[in-house]
$ cat protein39.txt   # compact mmCIF, C-alpha atoms
# COMPACT_ATOMS: atom_id res chain seq x y z
CA MET H 203 -14.85 9.68 -33.12
CA THR H 204 -17.35 11.37 -30.79
CA SER H 205 -15.19 10.62 -27.74
CA ILE H 206 -12.18 12.24 -29.44
CA LEU H 207 -14.15 15.41 -30.17
CA VAL H 208 -15.54 15.46 -26.63
CA GLY H 209 -12.02 14.97 -25.29
CA ILE H 210 -10.68 17.86 -27.34
CA PHE H 211 -13.55 20.10 -26.23
CA LEU H 212 -13.22 19.29 -22.52
CA GLY H 213 -9.44 19.45 -22.68
CA PHE H 214 -9.59 22.91 -24.26
CA PHE H 215 -12.21 24.04 -21.74
CA PHE H 216 -10.14 23.02 -18.73
CA GLY H 217 -6.61 23.36 -20.08
CA GLY H 218 -6.64 25.54 -23.20
CA PRO H 219 -4.84 24.42 -26.37
CA LEU H 220 -2.52 22.10 -24.41
CA GLY H 221 -5.49 20.48 -22.71
CA ALA H 222 -7.16 20.03 -26.08
CA VAL H 223 -4.17 18.08 -27.37
CA PHE H 224 -4.11 15.77 -24.38
CA GLY H 225 -7.90 15.51 -24.38
CA GLY H 226 -7.75 14.30 -27.95
CA PHE H 227 -5.25 11.59 -27.01
CA LEU H 228 -7.36 10.41 -24.09
CA GLY H 229 -10.51 10.56 -26.19
CA ALA H 230 -8.87 8.27 -28.75
CA TRP H 231 -7.82 5.93 -25.95
CA VAL H 232 -11.36 5.80 -24.57
CA ASN H 233 -12.74 5.17 -28.05
CA LYS H 234 -10.32 2.30 -28.60
CA ASN H 235 -10.59 0.64 -25.20
CA TYR H 236 -14.22 1.18 -24.23
CA ILE H 237 -16.65 2.52 -26.77
CA SER H 238 -15.58 0.55 -29.83
CA GLN H 239 -15.51 -2.67 -27.79
CA ASN H 240 -19.01 -2.32 -26.37
CA THR H 241 -21.75 -2.88 -28.96
CA GLU H 242 -24.50 -2.46 -26.41
CA GLY H 243 -23.15 0.89 -25.21
CA GLN H 244 -23.07 -0.14 -21.55
CA SER H 245 -19.43 0.88 -21.03
CA ASN H 246 -19.70 4.37 -22.50
CA GLY H 247 -20.38 5.99 -19.14
CA ASN H 248 -17.53 4.21 -17.38
CA GLY H 249 -15.16 4.95 -20.25
CA PHE H 250 -16.05 8.62 -20.27
CA TYR H 251 -15.65 8.83 -16.47
CA ARG H 252 -12.21 7.25 -16.68
CA PHE H 253 -11.25 9.63 -19.46
CA ARG H 254 -12.19 12.63 -17.29
CA THR H 255 -10.39 11.17 -14.27
CA GLN H 256 -7.23 10.36 -16.20
CA SER H 257 -7.19 13.80 -17.80
CA ALA H 258 -7.66 15.51 -14.41
CA PHE H 259 -4.95 13.33 -12.82
CA PHE H 260 -2.47 14.01 -15.63
CA ASN H 261 -3.02 17.78 -15.67
CA ALA H 262 -2.88 18.19 -11.89
CA THR H 263 0.15 15.90 -11.52
CA PHE H 264 2.51 17.84 -13.74
CA LEU H 265 1.21 21.32 -12.98
CA VAL H 266 1.69 20.80 -9.23
CA MET H 267 5.02 19.09 -9.80
CA GLY H 268 6.21 22.19 -11.65
CA ARG H 269 4.93 24.46 -8.86
CA LEU H 270 6.75 22.42 -6.22
CA ALA H 271 9.97 22.43 -8.22
CA LYS H 272 9.99 26.24 -8.39
CA ALA H 273 8.59 26.82 -4.89
CA ASP H 274 11.92 27.76 -3.35
CA GLY H 275 12.97 30.01 -6.23
CA ARG H 276 15.00 27.63 -8.38
CA VAL H 277 14.53 24.25 -9.99
CA SER H 278 17.26 21.83 -8.94
CA GLU H 279 18.75 19.18 -11.20
CA HIS H 280 17.39 16.51 -8.84
CA GLU H 281 13.85 17.87 -9.24
CA ILE H 282 14.15 17.84 -13.03
CA GLN H 283 15.50 14.28 -12.90
CA MET H 284 12.64 13.16 -10.65
CA ALA H 285 10.02 14.63 -12.99
CA ALA H 286 11.75 12.96 -15.94
CA ALA H 287 11.90 9.64 -14.06
CA ILE H 288 8.15 9.73 -13.37
CA MET H 289 7.48 10.53 -17.04
CA ASN H 290 9.71 7.62 -18.06
CA LYS H 291 7.94 5.24 -15.68
CA MET H 292 4.65 6.30 -17.24
CA ARG H 293 6.02 5.29 -20.66
CA LEU H 294 4.39 8.30 -22.26
CA SER H 295 4.25 8.69 -25.99
CA SER H 296 6.37 11.51 -27.42
CA ASP H 297 3.29 13.75 -27.68
CA GLN H 298 2.13 12.94 -24.15
CA LYS H 299 5.63 13.58 -22.80
CA LYS H 300 5.67 16.92 -24.59
CA ALA H 301 2.33 17.78 -22.98
CA ALA H 302 3.64 16.74 -19.54
CA ILE H 303 6.76 18.90 -19.94
CA GLU H 304 4.65 21.89 -21.01
CA LEU H 305 2.41 21.42 -17.97
CA PHE H 306 5.47 21.14 -15.72
CA ASN H 307 6.91 24.36 -17.20
CA LYS H 308 3.54 26.09 -16.88
CA GLY H 309 3.39 25.15 -13.20
CA LYS H 310 6.80 26.78 -12.68
CA GLN H 311 5.61 30.16 -13.91
CA PRO H 312 4.96 32.79 -11.21
CA GLY H 313 1.25 33.23 -10.67
CA SER H 314 0.29 30.19 -12.72
CA ASP H 315 -3.11 28.74 -11.85
CA ILE H 316 -3.00 25.27 -10.30
CA ASP H 317 -6.27 25.61 -8.37
CA THR H 318 -8.47 25.09 -11.45
CA ALA H 319 -6.79 21.78 -12.22
CA LEU H 320 -6.96 20.72 -8.57
CA HIS H 321 -10.64 21.61 -8.25
CA GLU H 322 -11.40 19.59 -11.38
CA PHE H 323 -9.42 16.69 -9.93
CA ARG H 324 -11.38 16.91 -6.69
CA ARG H 325 -14.71 17.21 -8.52
CA VAL H 326 -14.06 14.10 -10.58
CA VAL H 327 -12.20 11.99 -8.02
CA GLY H 328 -13.35 13.12 -4.58
CA PHE H 329 -11.30 11.58 -1.76
CA ASN H 330 -10.88 8.03 -2.95
CA THR H 331 -7.62 6.10 -3.13
CA LEU H 332 -6.40 8.23 -6.04
CA CYS H 333 -6.09 11.33 -3.85
CA PRO H 334 -3.56 9.87 -1.36
CA PHE H 335 -1.68 8.31 -4.27
CA PHE H 336 -1.57 11.71 -6.01
CA LEU H 337 -0.12 13.30 -2.85
CA GLU H 338 2.48 10.52 -2.55
CA VAL H 339 3.62 11.19 -6.12
CA GLN H 340 3.97 14.90 -5.30
CA LEU H 341 5.88 14.11 -2.10
CA GLN H 342 8.23 11.93 -4.13
CA ALA H 343 8.90 14.90 -6.42
CA ALA H 344 9.28 17.34 -3.50
CA TYR H 345 11.82 15.13 -1.71
CA ALA H 346 13.93 14.76 -4.86
CA ASP H 347 16.51 17.11 -3.35
CA GLY H 348 16.42 15.37 0.04
CA SER H 349 14.06 17.50 2.11
CA LEU H 350 10.75 19.34 2.18
CA THR H 351 11.33 23.09 2.39
CA GLU H 352 8.92 25.51 4.02
CA ALA H 353 8.03 26.94 0.61
CA GLU H 354 7.19 23.45 -0.66
CA ARG H 355 5.14 22.77 2.45
CA GLN H 356 3.09 25.87 1.71
CA VAL H 357 2.37 24.51 -1.76
CA PHE H 358 1.07 21.33 -0.11
CA VAL H 359 -1.15 23.48 2.12
CA GLN H 360 -2.64 25.05 -1.01
CA VAL H 361 -3.00 21.65 -2.70
CA CYS H 362 -4.68 20.07 0.32
CA GLN H 363 -7.10 22.96 0.71
CA ALA H 364 -8.11 22.63 -2.95
CA LEU H 365 -8.53 18.85 -2.63
CA GLY H 366 -10.36 18.99 0.70
CA VAL H 367 -7.61 17.09 2.53
CA SER H 368 -7.27 17.89 6.23
CA ASP H 369 -3.95 18.62 7.94
CA GLN H 370 -4.25 15.35 9.84
CA GLN H 371 -4.89 13.33 6.67
CA PHE H 372 -1.92 14.92 4.95
CA GLU H 373 0.41 14.30 7.89
CA GLN H 374 -0.58 10.63 7.98
CA ILE H 375 0.22 10.34 4.28
CA HIS H 376 3.41 12.36 4.75
CA GLN H 377 4.76 10.32 7.66
CA ARG H 378 3.97 7.02 5.95
CA PHE H 379 5.74 8.29 2.82
CA ILE H 380 8.87 9.19 4.83
CA ALA H 381 8.89 5.72 6.40
CA GLN H 382 8.44 4.05 3.00
CA GLN H 383 11.27 6.08 1.46
CA SER H 384 13.66 5.27 4.28
CA TYR H 385 12.69 1.61 4.25
CA TYR H 386 13.01 1.27 0.49
CA GLN H 387 16.42 2.95 0.32
CA ASN H 388 17.85 0.70 3.01
CA GLN H 389 16.21 -2.49 1.76
CA SER H 390 17.43 -1.95 -1.79
CA GLY H 391 20.89 -0.97 -0.62
CA GLY H 392 20.86 1.81 -3.18
CA GLY H 393 20.90 -0.72 -5.98
CA GLY H 394 17.26 -0.37 -6.94
CA GLY H 395 16.36 -3.96 -6.11
CA TRP H 396 14.42 -5.54 -3.28
CA SER H 397 15.63 -8.22 -0.91
CA ALA H 398 13.59 -9.60 1.93
CA ALA H 399 16.85 -10.90 3.36
CA ASN H 400 17.87 -7.35 4.31
CA SER H 401 15.89 -7.74 7.50
CA GLY H 402 18.70 -6.36 9.65
CA PHE H 403 17.48 -2.85 8.92
CA GLY H 404 15.25 -1.51 11.69
CA LEU H 405 12.14 -3.57 12.10
CA SER H 406 10.52 -0.46 13.52
CA LYS H 407 10.63 1.11 10.05
CA ALA H 408 8.67 -1.80 8.62
CA TYR H 409 5.97 -1.15 11.22
CA GLU H 410 5.98 2.54 10.30
CA VAL H 411 5.45 1.63 6.65
CA LEU H 412 2.35 -0.31 7.68
CA GLY H 413 1.25 2.48 10.00
CA VAL H 414 0.99 0.33 13.13
CA SER H 415 2.96 0.04 16.37
CA GLU H 416 5.16 -2.92 17.27
CA SER H 417 2.67 -3.77 20.03
CA ALA H 418 -0.17 -4.22 17.51
CA SER H 419 -1.83 -7.64 17.37
CA ASP H 420 -1.36 -9.95 14.38
CA ALA H 421 -4.92 -9.16 13.34
CA GLU H 422 -4.25 -5.40 13.45
CA VAL H 423 -1.07 -5.81 11.41
CA LYS H 424 -2.86 -7.88 8.78
CA ARG H 425 -5.77 -5.42 8.67
CA ALA H 426 -3.39 -2.47 8.16
CA TYR H 427 -1.54 -4.37 5.44
CA ARG H 428 -4.72 -5.27 3.58
CA LYS H 429 -5.99 -1.70 3.78
CA LEU H 430 -2.74 -0.30 2.38
CA MET H 431 -2.61 -2.89 -0.39
CA SER H 432 -6.20 -2.08 -1.28
CA GLN H 433 -5.25 1.59 -1.52
CA HIS H 434 -2.11 0.94 -3.58
CA HIS H 435 -2.96 -2.09 -5.70
CA PRO H 436 -2.26 -1.02 -9.32
CA ASP H 437 -5.35 -2.71 -10.78
CA LYS H 438 -7.63 -1.09 -8.22
CA LEU H 439 -6.07 2.32 -8.80
CA VAL H 440 -6.51 1.97 -12.55
CA ALA H 441 -10.13 0.95 -11.99
CA LYS H 442 -10.57 4.21 -10.04
CA GLY H 443 -9.22 6.17 -13.01
CA LEU H 444 -5.45 6.16 -12.58
CA PRO H 445 -3.81 6.48 -16.02
CA GLU H 446 -2.50 3.05 -16.95
CA GLU H 447 0.85 4.69 -17.67
CA MET H 448 1.21 5.19 -13.90
CA MET H 449 1.07 1.44 -13.25
CA GLU H 450 4.83 1.14 -12.69
CA VAL H 451 4.78 3.87 -10.04
CA ALA H 452 1.88 2.11 -8.30
CA LYS H 453 3.61 -1.27 -8.51
CA GLN H 454 6.69 0.09 -6.76
CA LYS H 455 4.65 1.49 -3.88
CA ALA H 456 2.71 -1.77 -3.50
CA GLN H 457 6.02 -3.66 -3.45
CA GLU H 458 7.33 -1.48 -0.64
CA ILE H 459 4.28 -2.35 1.46
CA GLN H 460 4.55 -6.05 0.61
CA VAL H 461 8.21 -6.31 1.64
CA ALA H 462 7.59 -4.47 4.92
CA TYR H 463 4.70 -6.79 5.76
CA GLU H 464 6.77 -9.88 4.95
CA GLN H 465 9.52 -8.69 7.29
CA VAL H 466 7.07 -8.08 10.12
CA ARG H 467 5.33 -11.41 9.55
CA GLU H 468 8.58 -13.39 9.47
CA ASP H 469 9.81 -11.68 12.64
CA ARG H 470 6.59 -12.61 14.43
CA LYS H 471 7.02 -16.26 13.48
CA ARG H 472 10.32 -16.51 15.35
CA PRO H 473 10.32 -18.16 18.78
CA ARG H 474 10.48 -15.67 21.63
$ encode --input "protein39.txt" --output "structure tokens"
Amino acid sequence: MTSILVGIFLGFFFGGPLGAVFGGFLGAWVNKNYISQNTEGQSNGNGFYRFRTQSAFFNATFLVMGRLAKADGRVSEHEIQMAAAIMNKMRLSSDQKKAAIELFNKGKQPGSDIDTALHEFRRVVGFNTLCPFFLEVQLQAAYADGSLTEAERQVFVQVCQALGVSDQQFEQIHQRFIAQQSYYQNQSGGGGGWSAANSGFGLSKAYEVLGVSESASDAEVKRAYRKLMSQHHPDKLVAKGLPEEMMEVAKQKAQEIQVAYEQVREDRKRPR
């Protein structure tokens, strides 16, 4: 019960009445999954940290997504569909989905404050693997209509400044995201499924997904693959504080990396 009250208090403090509602939900989740299961009280700190991280991730995700959608003056149907798709992948409860929609709509309002939510996210998370993943989710939303406009890029400048992400770090994430999107769309053939047999599509794109050149050694390729999988493995992201509802989004990104690595590895096995 204490965690629920704490959740409501912190949620209200950082997000007003809407934050209080979501804080209550997360507090109940922490109480169920951590505090009530630990008679010695050793998990309370970890559970409370994850509650704060999940709350910060949730609030920042949908506020920024709303800001990006309205950055160029109008919200396209594709952007609305992308936000809805992410909510569906998260398998939110009806109340959580309502909170996400309200955050999204709040982010769309002129002059709405996204910096407070971003600073809280940075304070709780720092620059661990959740930060790049957060930016990838926002890039996915921004590219819903096919391109990144200058207005949307300026939103990313604001986001990166608030999160302490350098221009170079963002561009690395951005370029890898573009490669992953291109690779996924061609590998799946637009049908939403994966097939390692679709290896006819540019091998160079698979290398771009891994972030290495075609001249890289086998050891360098494997090292890059392991680093990316460590950064995108769903269980590791959840351990860092990613809401478990985001598992499906994380699984898809890890699958993209896995398929690219398999294509590169199989190509390197062929006699030259």
$ atom_distance --input "protein39.txt" --atom1 "atom CA of H:Val411" --atom2 "atom CA of H:Glu352"
24.3 Å
$ atom_distance --input "protein39.txt" --atom1 "atom CA of H:Gln311" --atom2 "atom CA of H:Glu373"
27.5 Å
$ atom_distance --input "protein39.txt" --atom1 "atom CA of H:Asp317" --atom2 "atom CA of H:Glu354"
15.7 Å
$ residues_near_point --input "protein39.txt" --point "(-3.6, 23.0, 1.0)" --cutoff "12 Å" --atoms "only C-alpha atoms" --output "JSON, numbers by chain"
{"H": [266, 316, 317, 320, 321, 337, 354, 355, 356, 357, 358, 359, 360, 361, 362, 363, 364, 365, 366, 367, 368, 369, 370, 371, 372, 373]}
$ closest_residue --input "protein39.txt" --among "H:Val461, H:Ala258, H:Leu270, H:Leu439" --to "H:Tyr345" --atoms "only C-alpha atoms"
H:Leu270
$ closest_residue --input "protein39.txt" --among "H:Val326, H:Ala441, H:Ala271, H:Met449" --to "H:Met292" --atoms "only C-alpha atoms"
H:Met449
$ closest_residue --input "protein39.txt" --among "H:Asp437, H:Glu281, H:Glu322, H:Asp297" --to "H:Gln342" --atoms "all atoms listed in the file"
H:Glu281
